[in-house]
$ cat start_33.txt   # compact mmCIF, C-alpha atoms
# COMPACT_ATOMS: atom_id res chain seq x y z
CA PRO A 7 138.28 123.75 110.47
CA GLY A 8 137.29 122.17 107.17
CA ARG A 9 140.61 120.35 106.88
CA ARG A 10 140.31 119.01 110.43
CA VAL A 11 136.82 117.67 109.64
CA ASP A 12 138.07 116.03 106.42
CA SER A 13 140.98 114.46 108.29
CA ALA A 14 138.67 113.14 110.99
CA ALA A 15 136.37 111.65 108.37
CA VAL A 16 139.27 109.89 106.68
CA ASP A 17 140.43 108.52 110.04
CA VAL A 18 136.94 107.16 110.73
CA LEU A 19 136.78 105.52 107.31
CA ALA A 20 140.18 103.94 107.77
CA ALA A 21 139.33 102.68 111.26
CA THR A 22 136.03 101.21 110.04
CA ALA A 23 137.69 99.49 107.10
CA GLU A 24 140.42 98.08 109.35
CA ALA A 25 137.88 96.70 111.80
CA LEU A 26 135.94 95.04 108.99
CA ALA A 27 139.11 93.60 107.50
CA ASP A 28 140.13 92.15 110.87
CA ALA A 29 136.69 90.56 111.20
CA SER A 30 137.02 89.08 107.72
CA SER A 31 140.48 87.72 108.49
CA ALA A 32 139.22 86.17 111.72
CA ALA A 33 136.40 84.47 109.84
CA GLY A 34 138.54 82.97 107.12
CA GLY A 35 141.81 84.71 106.44
CA SER A 36 142.64 86.43 103.19
CA GLY A 37 140.54 83.88 101.31
CA GLY A 38 137.40 84.75 103.27
CA LEU A 39 136.06 87.00 100.53
CA THR A 40 136.50 86.27 96.82
CA ILE A 41 134.62 87.21 93.68
CA GLU A 42 133.26 83.65 93.66
CA SER A 43 131.92 84.01 97.20
CA ILE A 44 129.99 87.21 96.47
CA THR A 45 128.56 86.00 93.14
CA PRO A 46 125.55 84.14 94.67
CA PRO A 47 124.40 87.14 96.77
CA PHE A 48 124.99 89.39 93.77
CA LEU A 49 122.73 87.24 91.59
CA TRP A 50 120.16 86.97 94.38
CA PHE A 51 120.07 90.74 94.81
CA ASN A 52 119.60 91.30 91.08
CA SER A 53 116.72 88.82 91.01
CA ALA A 54 115.06 90.28 94.11
CA ILE A 55 115.22 93.88 92.86
CA THR A 56 113.89 92.81 89.45
CA TYR A 57 110.84 91.11 91.02
CA ALA A 58 110.27 94.20 93.15
CA TRP A 59 110.33 96.37 90.04
CA LEU A 60 107.82 94.09 88.31
CA LEU A 61 105.49 94.37 91.30
CA LEU A 62 105.85 98.14 91.35
CA ILE A 63 105.27 98.66 87.62
CA LEU A 64 102.54 96.07 86.99
CA ALA A 65 100.51 96.65 90.16
CA PRO A 66 101.42 100.03 91.65
CA ARG A 67 98.12 100.40 93.51
CA TRP A 68 97.74 96.81 94.73
CA ALA A 69 97.47 96.37 98.50
CA VAL A 70 100.60 94.21 98.60
CA THR A 71 102.56 96.83 96.67
CA ARG A 72 101.37 99.54 99.06
CA SER A 73 102.38 97.45 102.05
CA VAL A 74 105.88 96.90 100.67
CA MET A 75 106.53 100.41 99.40
CA ASN A 76 105.13 102.25 102.41
CA SER A 77 107.65 100.48 104.62
CA GLU A 78 111.07 102.08 105.02
CA LEU A 79 112.50 98.58 104.84
CA SER A 80 111.88 98.78 101.08
CA VAL A 81 114.89 101.10 100.85
CA ALA A 82 116.76 100.14 104.02
CA LEU A 83 117.37 96.53 102.95
CA PRO A 84 118.72 97.42 99.48
CA SER A 85 120.93 100.04 101.11
CA LEU A 86 122.34 97.47 103.51
CA SER A 87 122.95 95.14 100.57
CA PHE A 88 124.97 97.82 98.83
CA PHE A 89 127.00 98.41 101.99
CA PHE A 90 127.92 94.72 102.00
CA PHE A 91 129.05 94.78 98.35
CA PHE A 92 130.92 98.03 98.86
CA ILE A 93 132.97 96.60 101.71
CA ALA A 94 133.40 93.26 99.94
CA ALA A 95 134.73 94.94 96.79
CA SER A 96 137.26 96.85 98.86
CA ALA A 97 138.35 93.77 100.81
CA ILE A 98 138.56 91.04 98.16
CA ASP A 99 142.02 91.88 96.80
CA SER A 100 143.41 93.37 100.01
CA ALA A 101 146.37 91.59 101.53
CA SER A 102 146.01 93.42 104.85
CA SER A 103 143.74 95.66 106.86
CA GLU A 104 146.06 98.59 106.06
CA GLU A 105 145.59 98.04 102.32
CA LEU A 106 141.83 97.82 102.77
CA GLY A 107 141.85 101.06 104.73
CA GLU A 108 143.80 102.74 101.93
CA LYS A 109 141.27 101.55 99.34
CA VAL A 110 138.28 102.84 101.28
CA VAL A 111 139.96 106.20 101.87
CA PHE A 112 140.91 106.35 98.16
CA LEU A 113 137.27 105.88 97.15
CA PHE A 114 136.19 108.87 99.21
CA THR A 115 139.07 111.18 98.30
CA GLU A 116 141.18 110.86 95.14
CA ALA A 117 138.76 108.65 93.20
CA ILE A 118 135.89 111.14 93.34
CA THR A 119 138.08 114.04 92.20
CA ASP A 120 139.73 112.31 89.23
CA PRO A 121 137.69 109.91 87.00
CA VAL A 122 140.92 108.59 85.48
CA LYS A 123 142.01 107.26 88.87
CA MET A 124 138.61 105.59 89.27
CA ALA A 125 139.55 103.37 86.31
CA THR A 126 142.19 101.69 88.46
CA LEU A 127 139.35 100.10 90.44
CA GLY A 128 137.87 98.28 87.45
CA THR A 129 137.98 94.80 89.01
CA PRO A 130 135.02 92.40 88.79
CA ALA A 131 134.25 92.94 92.46
CA TYR A 132 134.24 96.71 92.10
CA VAL A 133 132.05 96.58 88.99
CA ALA A 134 129.62 94.37 90.92
CA GLN A 135 129.29 96.85 93.80
CA ASP A 136 128.99 99.74 91.35
CA TRP A 137 126.11 97.97 89.60
CA VAL A 138 124.37 97.39 92.94
CA HIS A 139 124.98 101.07 93.70
CA LEU A 140 123.10 102.07 90.53
CA LEU A 141 120.26 99.64 91.22
CA VAL A 142 119.75 100.93 94.74
CA TRP A 143 119.73 104.59 93.70
CA ASP A 144 117.23 103.89 90.91
CA TRP A 145 115.05 102.06 93.43
CA VAL A 146 115.19 104.95 95.91
CA VAL A 147 114.10 107.34 93.15
CA ALA A 148 111.32 104.95 92.13
CA ARG A 149 109.99 104.86 95.70
CA TYR A 150 109.96 108.65 95.85
CA ILE A 151 108.03 108.78 92.56
CA TRP A 152 105.59 106.12 93.75
CA LEU A 153 104.94 107.79 97.12
CA GLU A 154 104.18 111.16 95.53
CA ALA A 155 102.07 109.61 92.78
CA MET A 156 99.96 107.78 95.33
CA GLU A 157 99.57 110.90 97.47
CA LEU A 158 98.53 113.10 94.54
CA ASP A 159 96.73 110.38 92.55
CA LEU A 160 98.99 110.73 89.51
CA PRO A 161 99.71 108.34 86.63
CA VAL A 162 102.84 106.51 87.68
CA ARG A 163 103.67 103.66 85.30
CA PRO A 164 105.35 105.76 82.55
CA ALA A 165 107.73 107.41 85.02
CA LEU A 166 108.53 104.08 86.68
CA LEU A 167 109.24 102.38 83.35
CA VAL A 168 111.62 105.15 82.34
CA THR A 169 113.29 105.10 85.77
CA PHE A 170 113.81 101.35 85.45
CA ASN A 171 115.62 101.86 82.15
CA THR A 172 117.33 105.23 82.44
CA GLY A 173 117.29 106.19 86.12
CA PRO A 174 117.11 109.96 86.69
CA VAL A 175 115.27 110.58 83.41
CA GLY A 176 112.30 108.83 84.99
CA LEU A 177 112.24 111.49 87.70
CA LEU A 178 112.00 114.15 85.00
CA VAL A 179 109.07 112.26 83.45
CA HIS A 180 107.36 112.20 86.84
CA LEU A 181 107.90 115.92 87.42
CA VAL A 182 106.51 116.77 83.98
CA THR A 183 103.54 114.45 84.58
CA LYS A 184 102.84 116.11 87.91
CA ALA A 185 103.00 119.59 86.40
CA VAL A 186 100.70 118.71 83.48
CA VAL A 187 98.12 116.86 85.59
CA THR A 188 98.11 119.59 88.23
CA ARG A 189 97.57 122.27 85.56
CA MET A 190 94.75 120.27 83.96
CA ARG A 191 93.04 119.80 87.32
CA GLN A 192 93.33 123.48 88.13
CA SER A 193 91.86 124.41 84.74
CA SER A 194 89.04 121.92 85.20
CA SER A 195 88.33 123.24 88.68
CA SER A 196 88.27 126.83 87.41
CA ALA A 197 85.91 125.88 84.58
CA SER A 198 83.60 124.04 86.97
CA GLY A 199 83.58 127.01 89.33
CA ALA A 200 82.72 129.41 86.51
CA ALA A 201 79.93 127.14 85.29
CA GLY A 202 78.55 126.93 88.81
CA GLU A 203 78.53 130.72 89.11
CA ASP A 204 76.68 130.99 85.80
CA ARG A 205 74.03 128.52 86.94
CA THR A 206 73.62 130.39 90.23
CA GLY A 207 73.16 133.67 88.35
CA GLU A 208 70.56 132.13 86.05
CA ASP A 209 68.67 130.69 89.01
CA GLN A 210 68.64 134.07 90.71
CA ARG A 211 67.36 135.80 87.56
CA THR A 212 64.69 133.14 87.10
CA GLY A 213 63.55 133.58 90.67
CA THR A 214 63.35 137.37 90.29
CA GLN A 215 61.28 137.05 87.14
CA GLY A 216 58.93 134.63 88.83
CA LYS A 217 58.22 137.13 91.56
$ encode --input "start_33.txt" --output "C-alpha cells"
Amino acid sequence: PGRRVDSAAVDVLAATAEALADASSAAGGSGGLTIESITPPFLWFNSAITYAWLLLILAPRWAVTRSVMNSELSVALPSLSFFFFFIAASAIDSASSEELGEKVVFLFTEAITDPVKMATLGTPAYVAQDWVHLLVWDWVVARYIWLEAMELDLPVRPALLVTFNTGPVGLLVHLVTKAVVTRMRQSSSSASGAAGEDRTGEDQRTGTQGK
C-alpha cells in the first residue's frame, strides 16, 4: 500500500508540473521564465519580508503589528510566494513539460535522500527559491513565537532577534524564556499565597486576643 501511495503522489506531482509548464509555454514559450524575469519579484519579496521583520521586532505589541500577525494571510502570502519561486526554479531551464515533471519528481524523491544529488540543482534559480524557502520557514516560526508570547504575556524580542538571524535557535530561546518566566510566576504566586495565609492567621489571632 505504501508503494502505491508513493507512486500516486509522484504521478500527481508530475501532472501538476506538466500543467504548469504547458501554461508557461502558452504564455511565452521556453523563454517565458528566466532568472532575469524572477529577479524583480525575488528582490521585492526580500524587501517585504525584511520590513515585516522590522515591524515585528521593533513594535511587537503595536496595534498594527497585532492586526498583521493575527491574520493567517501573514503566513499564507509568503507561502504562496515560495510556491511561485519553487515552480519557477524548476521550469527555468526546462526544455519541455516532461523535463519539468522529472525535476519536480526528483526534488521530492532522490534529492531528499541523497544530499550529493541535491548539489546538481545549484543553479541561480534554485538557490533563489531555496533562500525564499528559508525565509518563509523562519517567518512561520516567528509568528508562532509571537502568538504564544502575546497569549502568555512573555518577553518576545530576544527570541525574535535570534530567529531572524539563526532560525530554529530562536525557537529554543523562546521555549527557554517561557519555561523561566512561567517558573518565576509560579514561585511568585506561591510566595504571595503563603504571605496571604500568614496575614490571615495573624488577623485571626489578633481578633481572638481582642475578645
$ closest_residue --input "start_33.txt" --among "A:Val133, A:Leu62, A:Ala69, A:Lys109" --to "A:Ile151" --atoms "only C-alpha atoms"
A:Leu62
$ closest_residue --input "start_33.txt" --among "A:Ala54, A:Ala97, A:Leu83, A:Leu181" --to "A:Thr40" --atoms "only C-alpha atoms"
A:Ala97
$ closest_residue --input "start_33.txt" --among "A:Val110, A:Val122, A:Pro161, A:Glu105" --to "A:Ile93" --atoms "all atoms listed in the file"
A:Val110
$ closest_residue --input "start_33.txt" --among "A:Lys123, A:Arg191, A:His180, A:Arg149" --to "A:Thr71" --atoms "all atoms listed in the file"
A:Arg149
$ atom_distance --input "start_33.txt" --atom1 "atom CA of A:Arg72" --atom2 "atom CA of A:Trp59"
13.1 Å
$ residues_around --input "start_33.txt" --residues "A:Val81" --least-positions-apart "4" --cutoff "10 Å" --atoms "only C-alpha atoms" --output "tab-separated table (two decimals) with C-alpha atoms, keeping the file's coordinate frame"
chain	number	residue	atom	x	y	z
A	74	VAL	CA	105.88	96.90	100.67
A	75	MET	CA	106.53	100.41	99.40
A	76	ASN	CA	105.13	102.25	102.41
A	77	SER	CA	107.65	100.48	104.62
A	85	SER	CA	120.93	100.04	101.11
A	86	LEU	CA	122.34	97.47	103.51
A	142	VAL	CA	119.75	100.93	94.74
A	143	TRP	CA	119.73	104.59	93.70
A	145	TRP	CA	115.05	102.06	93.43
A	146	VAL	CA	115.19	104.95	95.91
A	147	VAL	CA	114.10	107.34	93.15
A	149	ARG	CA	109.99	104.86	95.70
$ residues_around --input "start_33.txt" --residues "A:Trp152" --least-positions-apart "3" --cutoff "8 Å" --atoms "all atoms listed in the file" --output "ChimeraX atom specification"
/A:66,148-149,155-156,162,166
$ atom_distance --input "start_33.txt" --atom1 "atom CA of A:Val138" --atom2 "atom CA of A:Phe88"
5.9 Å
$ atom_distance --input "start_33.txt" --atom1 "atom CA of A:Asp144" --atom2 "atom CA of A:Leu39"
27.1 Å
$ closest_residue --input "start_33.txt" --among "A:Ala125, A:Leu178, A:Val187, A:Leu49" --to "A:Asp159" --atoms "only C-alpha atoms"
A:Val187
$ closest_residue --input "start_33.txt" --among "A:Ala82, A:Ile55, A:Ala65, A:Ala95" --to "A:Ile41" --atoms "only C-alpha atoms"
A:Ala95
$ residues_around --input "start_33.txt" --residues "A:Pro164" --least-positions-apart "4" --cutoff "9 Å" --atoms "all atoms listed in the file" --output "NGL selection string"
:A and (63 or 168-169 or 176 or 179-180)
